[in-house]
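Structure file target.pdb (PDB, C-alpha atoms and all ligand atoms) follows.
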```pdb
ATOM      1  CA  MET A   1      -8.156  19.261-158.724  1.00  0.00           C
ATOM      2  CA  PRO A   2      -6.961  16.934-161.522  1.00  0.00           C
ATOM      3  CA  ASN A   3      -8.399  17.105-165.041  1.00  0.00           C
ATOM      4  CA  CYS A   4      -9.922  14.305-167.111  1.00  0.00           C
ATOM      5  CA  LYS A   5      -7.335  12.921-169.549  1.00  0.00           C
ATOM      6  CA  ASN A   6     -10.036  12.650-172.256  1.00  0.00           C
ATOM      7  CA  CYS A   7     -12.121  15.848-172.054  1.00  0.00           C
ATOM      8  CA  SER A   8     -10.127  18.002-169.562  1.00  0.00           C
ATOM      9  CA  ALA A   9     -13.130  18.505-167.270  1.00  0.00           C
ATOM     10  CA  PRO A  10     -12.126  18.764-163.591  1.00  0.00           C
ATOM     11  CA  VAL A  11     -12.343  15.466-161.678  1.00  0.00           C
ATOM     12  CA  PRO A  12     -13.158  16.134-158.001  1.00  0.00           C
ATOM     13  CA  ALA A  13     -10.988  14.762-155.192  1.00  0.00           C
ATOM     14  CA  ASN A  14     -11.926  11.258-154.169  1.00  0.00           C
ATOM     15  CA  SER A  15     -13.230  10.332-157.604  1.00  0.00           C
ATOM     16  CA  ILE A  16     -11.836   8.515-160.638  1.00  0.00           C
ATOM     17  CA  VAL A  17     -14.745   8.681-163.102  1.00  0.00           C
ATOM     18  CA  CYS A  18     -15.255  11.854-165.156  1.00  0.00           C
ATOM     19  CA  ALA A  19     -18.822  13.135-164.677  1.00  0.00           C
ATOM     20  CA  TYR A  20     -18.875  14.520-168.243  1.00  0.00           C
ATOM     21  CA  CYS A  21     -17.492  11.772-170.478  1.00  0.00           C
ATOM     22  CA  GLY A  22     -17.363   8.758-168.141  1.00  0.00           C
ATOM     23  CA  THR A  23     -13.630   8.179-168.667  1.00  0.00           C
ATOM     24  CA  ARG A  24     -11.844   6.467-165.793  1.00  0.00           C
ATOM     25  CA  ASN A  25      -8.891   8.545-164.644  1.00  0.00           C
ATOM     26  CA  ASP A  26      -5.975   7.459-162.543  1.00  0.00           C
ATOM     27  CA  THR A  27      -6.114  10.437-160.189  1.00  0.00           C
ATOM     28  CA  ASP A  28      -4.114   8.632-157.502  1.00  0.00           C
ATOM     29  CA  LEU A  29      -0.684   8.072-159.029  1.00  0.00           C
ATOM     30  CA  THR A  30      -0.435   9.665-162.482  1.00  0.00           C
ATOM     31  CA  GLY A  31       1.232  13.042-162.039  1.00  0.00           C
ATOM     32  CA  ILE A  32       1.534  12.412-158.304  1.00  0.00           C
ATOM     33  CA  HIS A  33       4.143   9.711-158.001  1.00  0.00           C
ATOM     34  CA  PRO A  34       6.170   7.832-160.655  1.00  0.00           C
ATOM     35  CA  PHE A  35       5.655   4.075-160.930  1.00  0.00           C
ATOM     36  CA  THR A  36       6.538   1.168-163.203  1.00  0.00           C
ATOM     37  CA  GLU A  37       4.684  -2.074-163.735  1.00  0.00           C
ATOM     38  CA  VAL A  38       6.769  -5.090-162.743  1.00  0.00           C
ATOM     39  CA  GLU A  39       6.438  -8.873-162.769  1.00  0.00           C
ATOM     40  CA  PRO A  40       3.903  -9.844-160.082  1.00  0.00           C
ATOM     41  CA  ASP A  41       5.424 -10.308-156.681  1.00  0.00           C
ATOM     42  CA  HIS A  42       2.402 -12.269-155.432  1.00  0.00           C
ATOM     43  CA  GLU A  43      -0.750 -13.618-157.013  1.00  0.00           C
ATOM     44  CA  ARG A  44      -3.279 -11.302-155.439  1.00  0.00           C
ATOM     45  CA  THR A  45      -6.884 -10.768-156.475  1.00  0.00           C
ATOM     46  CA  CYS A  46      -8.805  -7.487-156.281  1.00  0.00           C
ATOM     47  CA  PRO A  47     -11.306  -7.754-153.416  1.00  0.00           C
ATOM     48  CA  ARG A  48     -13.825  -5.657-155.396  1.00  0.00           C
ATOM     49  CA  CYS A  49     -13.537  -7.016-158.962  1.00  0.00           C
ATOM     50  CA  GLN A  50     -12.096 -10.499-158.330  1.00  0.00           C
ATOM     51  CA  VAL A  51      -9.480 -10.100-161.081  1.00  0.00           C
ATOM     52  CA  ALA A  52      -5.699 -10.495-160.730  1.00  0.00           C
ATOM     53  CA  MET A  53      -4.001  -7.293-159.647  1.00  0.00           C
ATOM     54  CA  LYS A  54      -0.906  -5.746-161.224  1.00  0.00           C
ATOM     55  CA  THR A  55       2.260  -5.173-159.229  1.00  0.00           C
ATOM     56  CA  LEU A  56       3.665  -1.643-159.353  1.00  0.00           C
ATOM     57  CA  ASP A  57       7.049  -0.445-158.167  1.00  0.00           C
ATOM     58  CA  LEU A  58       6.891   3.088-156.737  1.00  0.00           C
ATOM     59  CA  SER A  59      10.671   3.128-156.068  1.00  0.00           C
ATOM     60  CA  ILE A  60      10.627   4.851-152.687  1.00  0.00           C
ATOM     61  CA  GLU A  61      14.038   4.346-151.067  1.00  0.00           C
ATOM     62  CA  GLY A  62      14.619   1.301-153.265  1.00  0.00           C
ATOM     63  CA  THR A  63      12.057  -1.206-154.487  1.00  0.00           C
ATOM     64  CA  PHE A  64       8.563  -0.398-153.182  1.00  0.00           C
ATOM     65  CA  LEU A  65       5.909  -2.781-154.438  1.00  0.00           C
ATOM     66  CA  ILE A  66       2.158  -2.341-154.202  1.00  0.00           C
ATOM     67  CA  GLU A  67      -0.722  -4.114-155.949  1.00  0.00           C
ATOM     68  CA  ARG A  68      -3.269  -2.292-158.035  1.00  0.00           C
ATOM     69  CA  CYS A  69      -6.426  -3.404-159.841  1.00  0.00           C
ATOM     70  CA  ASP A  70      -6.650  -2.188-163.452  1.00  0.00           C
ATOM     71  CA  GLN A  71     -10.454  -2.095-163.330  1.00  0.00           C
ATOM     72  CA  CYS A  72     -11.336  -0.170-160.165  1.00  0.00           C
ATOM     73  CA  LEU A  73      -7.836   1.326-159.610  1.00  0.00           C
ATOM     74  CA  GLY A  74      -7.974   0.240-155.948  1.00  0.00           C
ATOM     75  CA  MET A  75      -4.599  -0.466-154.322  1.00  0.00           C
ATOM     76  CA  PHE A  76      -3.303  -2.783-151.638  1.00  0.00           C
ATOM     77  CA  PHE A  77      -0.477  -1.589-149.394  1.00  0.00           C
ATOM     78  CA  ASP A  78       1.489  -3.815-147.058  1.00  0.00           C
ATOM     79  CA  ALA A  79       1.708  -2.596-143.447  1.00  0.00           C
ATOM     80  CA  GLY A  80       3.455   0.781-143.184  1.00  0.00           C
ATOM     81  CA  GLU A  81       3.648   1.344-146.951  1.00  0.00           C
ATOM     82  CA  LEU A  82       0.775   3.825-147.226  1.00  0.00           C
ATOM     83  CA  GLU A  83       2.304   6.002-144.498  1.00  0.00           C
ATOM     84  CA  ALA A  84       5.694   5.816-146.265  1.00  0.00           C
ATOM     85  CA  LEU A  85       4.136   6.858-149.583  1.00  0.00           C
ATOM     86  CA  ILE A  86       2.346   9.812-147.947  1.00  0.00           C
ATOM     87  CA  LYS A  87       5.593  10.894-146.283  1.00  0.00           C
ATOM     88  CA  ALA A  88       7.500  10.673-149.568  1.00  0.00           C
ATOM     89  CA  THR A  89       4.832  12.582-151.515  1.00  0.00           C
ATOM     90  CA  VAL A  90       3.697  15.378-149.188  1.00  0.00           C
ATOM     91  CA  LYS A  91       6.351  17.506-147.559  1.00  0.00           C
ATOM     92  CA  ASN A  92       6.637  20.804-145.685  1.00  0.00           C
ATOM     93  CA  VAL A  93       3.106  21.174-144.387  1.00  0.00           C
ATOM     94  CA  HIS A  94       3.040  23.739-141.582  1.00  0.00           C
ATOM     95  CA  HIS A  95      -0.472  25.173-141.618  1.00  0.00           C
ATOM     96  CA  VAL A  96      -3.999  23.885-141.228  1.00  0.00           C
ATOM     97  CA  ASN A  97      -6.406  24.828-144.005  1.00  0.00           C
ATOM     98  CA  HIS A  98      -9.717  24.395-142.175  1.00  0.00           C
ATOM     99  CA  LYS A  99     -11.891  25.203-145.168  1.00  0.00           C
ATOM    100  CA  LYS A 100     -10.213  22.528-147.267  1.00  0.00           C
ATOM    101  CA  LEU A 101     -10.325  20.007-144.405  1.00  0.00           C
ATOM    102  CA  ASN A 102     -14.054  20.544-143.989  1.00  0.00           C
ATOM    103  CA  GLU A 103     -14.633  20.069-147.713  1.00  0.00           C
ATOM    104  CA  LEU A 104     -12.608  16.856-147.738  1.00  0.00           C
ATOM    105  CA  HIS A 105     -14.306  15.567-144.613  1.00  0.00           C
ATOM    106  CA  LYS A 106     -17.682  15.811-146.329  1.00  0.00           C
ATOM    107  CA  LEU A 107     -16.533  14.031-149.479  1.00  0.00           C
ATOM    108  CA  ASN A 108     -16.812  10.388-148.711  1.00  0.00           C
ATOM    109  CA  ARG A 109     -16.671   8.587-151.975  1.00  0.00           C
ATOM    110  CA  ARG A 110     -17.148   5.202-150.329  1.00  0.00           C
ATOM    111  CA  ASP A 111     -20.837   5.904-150.838  1.00  0.00           C
ATOM    112  CA  ALA A 112     -20.229   4.643-154.389  1.00  0.00           C
ATOM    113  CA  TYR A 113     -19.800   1.162-152.910  1.00  0.00           C
ATOM    114  CA  GLY A 114     -22.170   1.588-149.968  1.00  0.00           C
ATOM    115  CA  ILE A 115     -21.134   0.180-146.610  1.00  0.00           C
ATOM    116  CA  THR A 116     -19.540  -3.037-147.726  1.00  0.00           C
ATOM    117  CA  TYR A 117     -17.025  -5.332-146.112  1.00  0.00           C
ATOM    118  CA  ILE A 118     -14.348  -6.762-148.361  1.00  0.00           C
ATOM    119  CA  ASN A 119     -11.793  -9.499-147.866  1.00  0.00           C
ATOM    120  CA  CYS A 120      -8.045  -9.203-147.445  1.00  0.00           C
ATOM    121  CA  PRO A 121      -6.292 -10.102-150.735  1.00  0.00           C
ATOM    122  CA  VAL A 122      -3.673 -12.050-148.744  1.00  0.00           C
ATOM    123  CA  CYS A 123      -5.557 -14.104-146.126  1.00  0.00           C
ATOM    124  CA  ASP A 124      -9.154 -13.650-147.314  1.00  0.00           C
ATOM    125  CA  ALA A 125     -10.347 -12.570-143.848  1.00  0.00           C
ATOM    126  CA  VAL A 126     -12.964  -9.792-143.730  1.00  0.00           C
ATOM    127  CA  MET A 127     -11.191  -6.466-143.268  1.00  0.00           C
ATOM    128  CA  ASN A 128     -12.063  -3.704-140.783  1.00  0.00           C
ATOM    129  CA  ARG A 129     -13.324  -0.334-141.948  1.00  0.00           C
ATOM    130  CA  VAL A 130     -11.194   2.464-140.493  1.00  0.00           C
ATOM    131  CA  ASN A 131     -11.379   6.255-140.891  1.00  0.00           C
ATOM    132  CA  PHE A 132      -7.787   7.011-141.858  1.00  0.00           C
ATOM    133  CA  GLY A 133      -6.163   9.575-139.538  1.00  0.00           C
ATOM    134  CA  GLN A 134      -9.430   9.550-137.542  1.00  0.00           C
ATOM    135  CA  ARG A 135     -10.990  12.456-139.404  1.00  0.00           C
ATOM    136  CA  SER A 136      -9.867  12.333-143.027  1.00  0.00           C
ATOM    137  CA  GLY A 137     -13.281  11.228-144.310  1.00  0.00           C
ATOM    138  CA  VAL A 138     -11.603   8.330-146.119  1.00  0.00           C
ATOM    139  CA  ILE A 139     -12.755   4.938-144.912  1.00  0.00           C
ATOM    140  CA  ILE A 140     -10.105   2.397-145.749  1.00  0.00           C
ATOM    141  CA  ASP A 141     -10.180  -1.359-145.215  1.00  0.00           C
ATOM    142  CA  ARG A 142      -7.552  -2.840-142.956  1.00  0.00           C
ATOM    143  CA  CYS A 143      -6.362  -6.373-142.309  1.00  0.00           C
ATOM    144  CA  PRO A 144      -4.490  -6.224-138.992  1.00  0.00           C
ATOM    145  CA  ASP A 145      -2.002  -8.802-140.290  1.00  0.00           C
ATOM    146  CA  HIS A 146      -1.386  -7.765-143.895  1.00  0.00           C
ATOM    147  CA  GLY A 147      -2.135  -4.176-144.759  1.00  0.00           C
ATOM    148  CA  LEU A 148      -4.573  -1.656-146.195  1.00  0.00           C
ATOM    149  CA  TRP A 149      -6.941  -1.488-149.135  1.00  0.00           C
ATOM    150  CA  VAL A 150      -7.511   1.966-150.640  1.00  0.00           C
ATOM    151  CA  ASP A 151     -10.239   2.377-153.283  1.00  0.00           C
ATOM    152  CA  GLY A 152      -9.560   4.275-156.518  1.00  0.00           C
ATOM    153  CA  GLY A 153      -9.563   8.016-155.823  1.00  0.00           C
ATOM    154  CA  GLU A 154      -9.026   7.620-152.096  1.00  0.00           C
ATOM    155  CA  LEU A 155      -5.251   7.983-152.154  1.00  0.00           C
ATOM    156  CA  ARG A 156      -5.639  11.364-153.844  1.00  0.00           C
ATOM    157  CA  HIS A 157      -8.123  12.367-151.152  1.00  0.00           C
ATOM    158  CA  LEU A 158      -5.730  11.260-148.400  1.00  0.00           C
ATOM    159  CA  LEU A 159      -2.814  13.175-149.919  1.00  0.00           C
ATOM    160  CA  GLU A 160      -4.949  16.321-150.173  1.00  0.00           C
ATOM    161  CA  TRP A 161      -6.038  15.854-146.580  1.00  0.00           C
ATOM    162  CA  VAL A 162      -2.414  15.656-145.378  1.00  0.00           C
ATOM    163  CA  LYS A 163      -1.499  18.650-147.582  1.00  0.00           C
ATOM    164  CA  ALA A 164      -4.344  20.658-146.016  1.00  0.00           C
ATOM    165  CA  GLY A 165      -2.798  20.014-142.580  1.00  0.00           C
ATOM    166  CA  GLY A 166      -5.030  17.119-141.467  1.00  0.00           C
ATOM    167  CA  GLU A 167      -2.277  15.459-139.475  1.00  0.00           C
ATOM    168  CA  ILE A 168      -1.230  18.729-137.806  1.00  0.00           C
ATOM    169  CA  TYR A 169      -4.865  19.368-136.898  1.00  0.00           C
ATOM    170  CA  ASN A 170      -5.106  15.920-135.265  1.00  0.00           C
ATOM    171  CA  GLN A 171      -1.928  16.521-133.247  1.00  0.00           C
ATOM    172  CA  LYS A 172      -3.151  19.935-132.019  1.00  0.00           C
ATOM    173  CA  ARG A 173      -6.504  18.513-131.115  1.00  0.00           C
ATOM    174  CA  GLU A 174      -4.916  15.666-129.174  1.00  0.00           C
ATOM    175  CA  ALA A 175      -2.580  18.078-127.307  1.00  0.00           C
ATOM    176  CA  ILE A 176      -5.491  20.339-126.258  1.00  0.00           C
ATOM    177  CA  LYS A 177      -7.541  17.375-125.160  1.00  0.00           C
ATOM    178  CA  GLN A 178      -4.698  16.120-122.984  1.00  0.00           C
ATOM    179  CA  LYS A 179      -4.317  19.582-121.411  1.00  0.00           C
ATOM    180  CA  MET A 180      -8.044  19.737-120.657  1.00  0.00           C
ATOM    181  CA  ASP A 181      -7.929  16.253-119.154  1.00  0.00           C
ATOM    182  CA  ALA A 182      -5.003  17.234-116.936  1.00  0.00           C
ATOM    183  CA  ARG A 183      -6.833  20.380-115.741  1.00  0.00           C
ATOM    184  CA  GLU A 184      -9.928  18.355-115.028  1.00  0.00           C
ATOM    185  CA  ASP A 185      -7.838  15.979-112.900  1.00  0.00           C
ATOM    186  CA  ILE A 186      -6.492  18.893-110.828  1.00  0.00           C
ATOM    187  CA  LYS A 187     -10.029  20.244-110.332  1.00  0.00           C
ATOM    188  CA  ILE A 188     -11.203  16.865-109.130  1.00  0.00           C
ATOM    189  CA  GLN A 189      -8.308  16.624-106.649  1.00  0.00           C
ATOM    190  CA  ARG A 190      -9.005  20.150-105.321  1.00  0.00           C
ATOM    191  CA  ALA A 191     -12.703  19.557-105.062  1.00  0.00           C
ATOM    192  CA  THR A 192     -12.354  16.343-103.095  1.00  0.00           C
ATOM    193  CA  PRO A 193     -10.815  17.639 -99.839  1.00  0.00           C
ATOM    194  CA  ALA A 194     -11.162  15.983 -96.457  1.00  0.00           C
ATOM    195  CA  SER A 195     -12.401  19.405 -95.142  1.00  0.00           C
ATOM    196  CA  PHE A 196     -15.840  18.653 -96.510  1.00  0.00           C
ATOM    197  CA  GLY A 197     -16.009  16.339 -93.566  1.00  0.00           C
ATOM    198  CA  GLY A 198     -17.459  12.935 -93.230  1.00  0.00           C
ATOM    199  CA  GLY A 199     -21.083  12.444 -93.900  1.00  0.00           C
ATOM    200  CA  PHE A 200     -21.193  14.924 -96.806  1.00  0.00           C
ATOM    201  CA  GLU A 201     -20.971  13.779-100.319  1.00  0.00           C
ATOM    202  CA  SER A 202     -18.011  15.734-101.651  1.00  0.00           C
ATOM    203  CA  TYR A 203     -18.459  18.105-104.577  1.00  0.00           C
ATOM    204  CA  GLY A 204     -15.704  16.196-106.338  1.00  0.00           C
ATOM    205  CA  SER A 205     -17.895  13.230-106.846  1.00  0.00           C
ATOM    206  CA  THR A 206     -20.053  15.229-109.254  1.00  0.00           C
ATOM    207  CA  LEU A 207     -17.008  16.088-111.349  1.00  0.00           C
ATOM    208  CA  ARG A 208     -15.886  12.661-112.372  1.00  0.00           C
ATOM    209  CA  ARG A 209     -14.285  12.480-115.763  1.00  0.00           C
ATOM    210  CA  SER A 210     -16.823   9.936-116.784  1.00  0.00           C
ATOM    211  CA  ASP A 211     -19.506  12.614-116.421  1.00  0.00           C
ATOM    212  CA  PRO A 212     -20.879  12.915-119.982  1.00  0.00           C
ATOM    213  CA  HIS A 213     -21.975  16.530-119.386  1.00  0.00           C
ATOM    214  CA  ILE A 214     -18.443  17.676-118.547  1.00  0.00           C
ATOM    215  CA  PHE A 215     -17.043  15.803-121.523  1.00  0.00           C
ATOM    216  CA  ASP A 216     -19.557  17.478-123.761  1.00  0.00           C
ATOM    217  CA  ILE A 217     -18.458  20.920-122.537  1.00  0.00           C
ATOM    218  CA  ILE A 218     -14.788  20.032-122.950  1.00  0.00           C
ATOM    219  CA  SER A 219     -15.252  18.835-126.498  1.00  0.00           C
ATOM    220  CA  ARG A 220     -17.165  22.028-127.335  1.00  0.00           C
ATOM    221  CA  VAL A 221     -14.377  24.177-125.905  1.00  0.00           C
ATOM    222  CA  VAL A 222     -11.833  22.111-127.845  1.00  0.00           C
ATOM    223  CA  SER A 223     -13.619  22.571-131.141  1.00  0.00           C
ATOM    224  CA  TRP A 224     -14.049  26.299-130.410  1.00  0.00           C
ATOM    225  CA  LEU A 225     -10.297  26.673-129.729  1.00  0.00           C
ATOM    226  CA  LEU A 226      -9.510  24.915-132.993  1.00  0.00           C
ATOM    227  CA  ARG A 227     -11.705  27.069-135.180  1.00  0.00           C
TER     228      ARG A 227
HETATM  229 ZN    ZN B 301     -13.943  13.493-169.241  1.00  0.00          ZN
HETATM  230 ZN    ZN B 302     -10.806  -3.941-158.769  1.00  0.00          ZN
HETATM  231 ZN    ZN B 303      -4.926 -10.485-144.261  1.00  0.00          ZN
END
```

Here is the file; what I need is its structure written in the form of structure tokens.
Ligand SMILES: [Zn+2]
Ligand SMILES: [Zn+2]
Ligand SMILES: [Zn+2]
Amino acid sequence: MPNCKNCSAPVPANSIVCAYCGTRNDTDLTGIHPFTEVEPDHERTCPRCQVAMKTLDLSIEGTFLIERCDQCLGMFFDAGELEALIKATVKNVHHVNHKKLNELHKLNRRDAYGITYINCPVCDAVMNRVNFGQRSGVIIDRCPDHGLWVDGGELRHLLEWVKAGGEIYNQKREAIKQKMDAREDIKIQRATPASFGGGFESYGSTLRRSDPHIFDIISRVVSWLLR
């Protein structure tokens, strides 16, 4: 947990404003990743504050430019850049910290803005709201053509989520789900034999994968296995 640069009180993940003294803290980059301010690469406006954004060079494998708003500390990443920054910042994660993941999942700072739709700083189209990594608890805004908007405090949250094994957890979950699906397919094949004879409705027909009851059971087993 980072500390407020003014009063040293702890600033929780996914937050930039100190609850004690009200100071705005850059919890996303300061102390996390070096950066320098450079001449603007593009004239881009913050979709929240409508002021010109600054261009920062994070120097990841050469020049790596992102835009950041000085007021709300939100950042705009071109396609693929956010993933590259995460990869360069968080390394050697081998375990899943479920307690930490649960805590992070509950913290959804976007409540500070409510459910709002904002426009892409490049093409001005309304962006889509996406839960990054499916279960990180961070809702980011995405323009399919230009990139991602991350609100102030959210990058920190994402990095902590990856550090706590969020991506490993997703991969495990996906692998188990695929296994269960494959088993279900075999069951359906076995339970749909010609030996049931014509005229009978085969047992297999009650075991279709679209059956919501079966899916419910599978997802419960999956979450139990992942505890
Ligand atoms: Zn403070
Ligand atoms: Zn802003
Ligand atoms: Zn766009």

Exercise. Report as a list in words the residues that result from applying the PyMOL selection byres (((chain A and resi 8) around 12) and not hetatm) to the structure here.
Key: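 Applied to this file, the PyMOL selection byres (((chain A and resi 8) around 12) and not hetatm) returns Met1, Pro2, Asn3, Cys4, Lys5, Asn6, Cys7, Ala9, Pro10, Val11, Cys18, Ala19, Tyr20, Cys21, Gly22, Thr23 and Asn25 of chain A.
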
Practice problem: Grab the atom CA of His105 of chain A to atom CA of Glu160 of chain A distance for me, in Å with one decimal place. | Solution: 10.9 Å

Which residues of chain A come within 10 Å of ligand ZN 302 (chain B), and for each one, what is the closest pair of atoms and their distance in Å to one decimal, counting only C-alpha atoms and all ligand atoms, sorted by chain and residue number, as CSV?
```
residue,atom,partner,partner_atom,distance
A:Thr45,CA,B:ZN302,ZN,8.2
A:Cys46,CA,B:ZN302,ZN,4.8
A:Pro47,CA,B:ZN302,ZN,6.6
A:Arg48,CA,B:ZN302,ZN,4.8
A:Cys49,CA,B:ZN302,ZN,4.1
A:Gln50,CA,B:ZN302,ZN,6.7
A:Val51,CA,B:ZN302,ZN,6.7
A:Ala52,CA,B:ZN302,ZN,8.5
A:Met53,CA,B:ZN302,ZN,7.6
A:Arg68,CA,B:ZN302,ZN,7.8
A:Cys69,CA,B:ZN302,ZN,4.5
A:Asp70,CA,B:ZN302,ZN,6.5
A:Gln71,CA,B:ZN302,ZN,4.9
A:Cys72,CA,B:ZN302,ZN,4.1
A:Leu73,CA,B:ZN302,ZN,6.1
A:Gly74,CA,B:ZN302,ZN,5.8
A:Met75,CA,B:ZN302,ZN,8.4
A:Asp151,CA,B:ZN302,ZN,8.4
A:Gly152,CA,B:ZN302,ZN,8.6
```

Quiz item: the PyMOL selection byres (((not hetatm)) within 10 of (chain B and resi 303)) on the file shown: which residues, as a list in words?
Solution: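 Taken on the displayed file, the PyMOL selection byres (((not hetatm)) within 10 of (chain B and resi 303)) yields the residues Asp78, Asn119, Cys120, Pro121, Val122, Cys123, Asp124, Ala125, Val126, Met127, Arg142, Cys143, Pro144, Asp145, His146, Gly147 and Leu148 of chain A.
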
Exercise. Please evaluate the PyMOL selection byres (((chain A and resi 59) around 10) and not hetatm) against the displayed coordinates and give the resulting residues as a list in words.
Key: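 Given this file, the PyMOL selection byres (((chain A and resi 59) around 10) and not hetatm) evaluates to His33, Pro34, Phe35, Thr36, Leu56, Asp57, Leu58, Ile60, Glu61, Gly62, Thr63, Phe64, Leu65 and Leu85 of chain A.
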
Quiz item: Which residue, A:Pro12, A:Asn102, A:Glu37, A:Tyr169, has the smallest gap to ligand ZN 301 (chain B) when you use only C-alpha atoms and all ligand atoms?
Solution: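 The closest residue to ligand ZN 301 (chain B) is A:Pro12.
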
Quiz item: Rounded to one decimal in Å, what is the spacing between atom CA of Leu107 of chain A and atom CA of Arg129 of chain A?
Solution: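 Here the two named atoms are 16.5 Å from each other.
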
Given 5 Å of margin on each side, can you work out the centre and size in Å (one decimal) of an axis-aligned box holding every listed atom of segment 132-144 of chain A, as JSON?
```
{"center_x": -8.9, "center_y": 3.0, "center_z": -141.8, "size_x": 18.8, "size_y": 28.8, "size_z": 18.6}
```

Self-check item: d(atom CA of Lys187 of chain A, atom CA of Ser219 of chain A) in Å
Solution: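 Separation of atom CA of Lys187 of chain A and atom CA of Ser219 of chain A: 17.0 Å.
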
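Residues with any atom within 7 Å of Leu101 of chain A, counting all atoms listed in the file and excluding same-chain neighbours fewer than 6 positions away, are Trp161, Ala164 and Gly166 of chain A.
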
Quiz prompt | Exercise: Gly165 of chain A partners within 6 Å, only C-alpha atoms, chain neighbours under 2 positions left out, as number ranges by chain | solution = A: 95-96, 162-163, 167-168

Quiz item: Which one of A:Ile186, A:Ala175, A:Leu82, A:Val17 sits closest to ligand ZN 301 (chain B) if you count all atoms listed in the file?
Solution: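 Smallest distance to ligand ZN 301 (chain B) is found for A:Val17.
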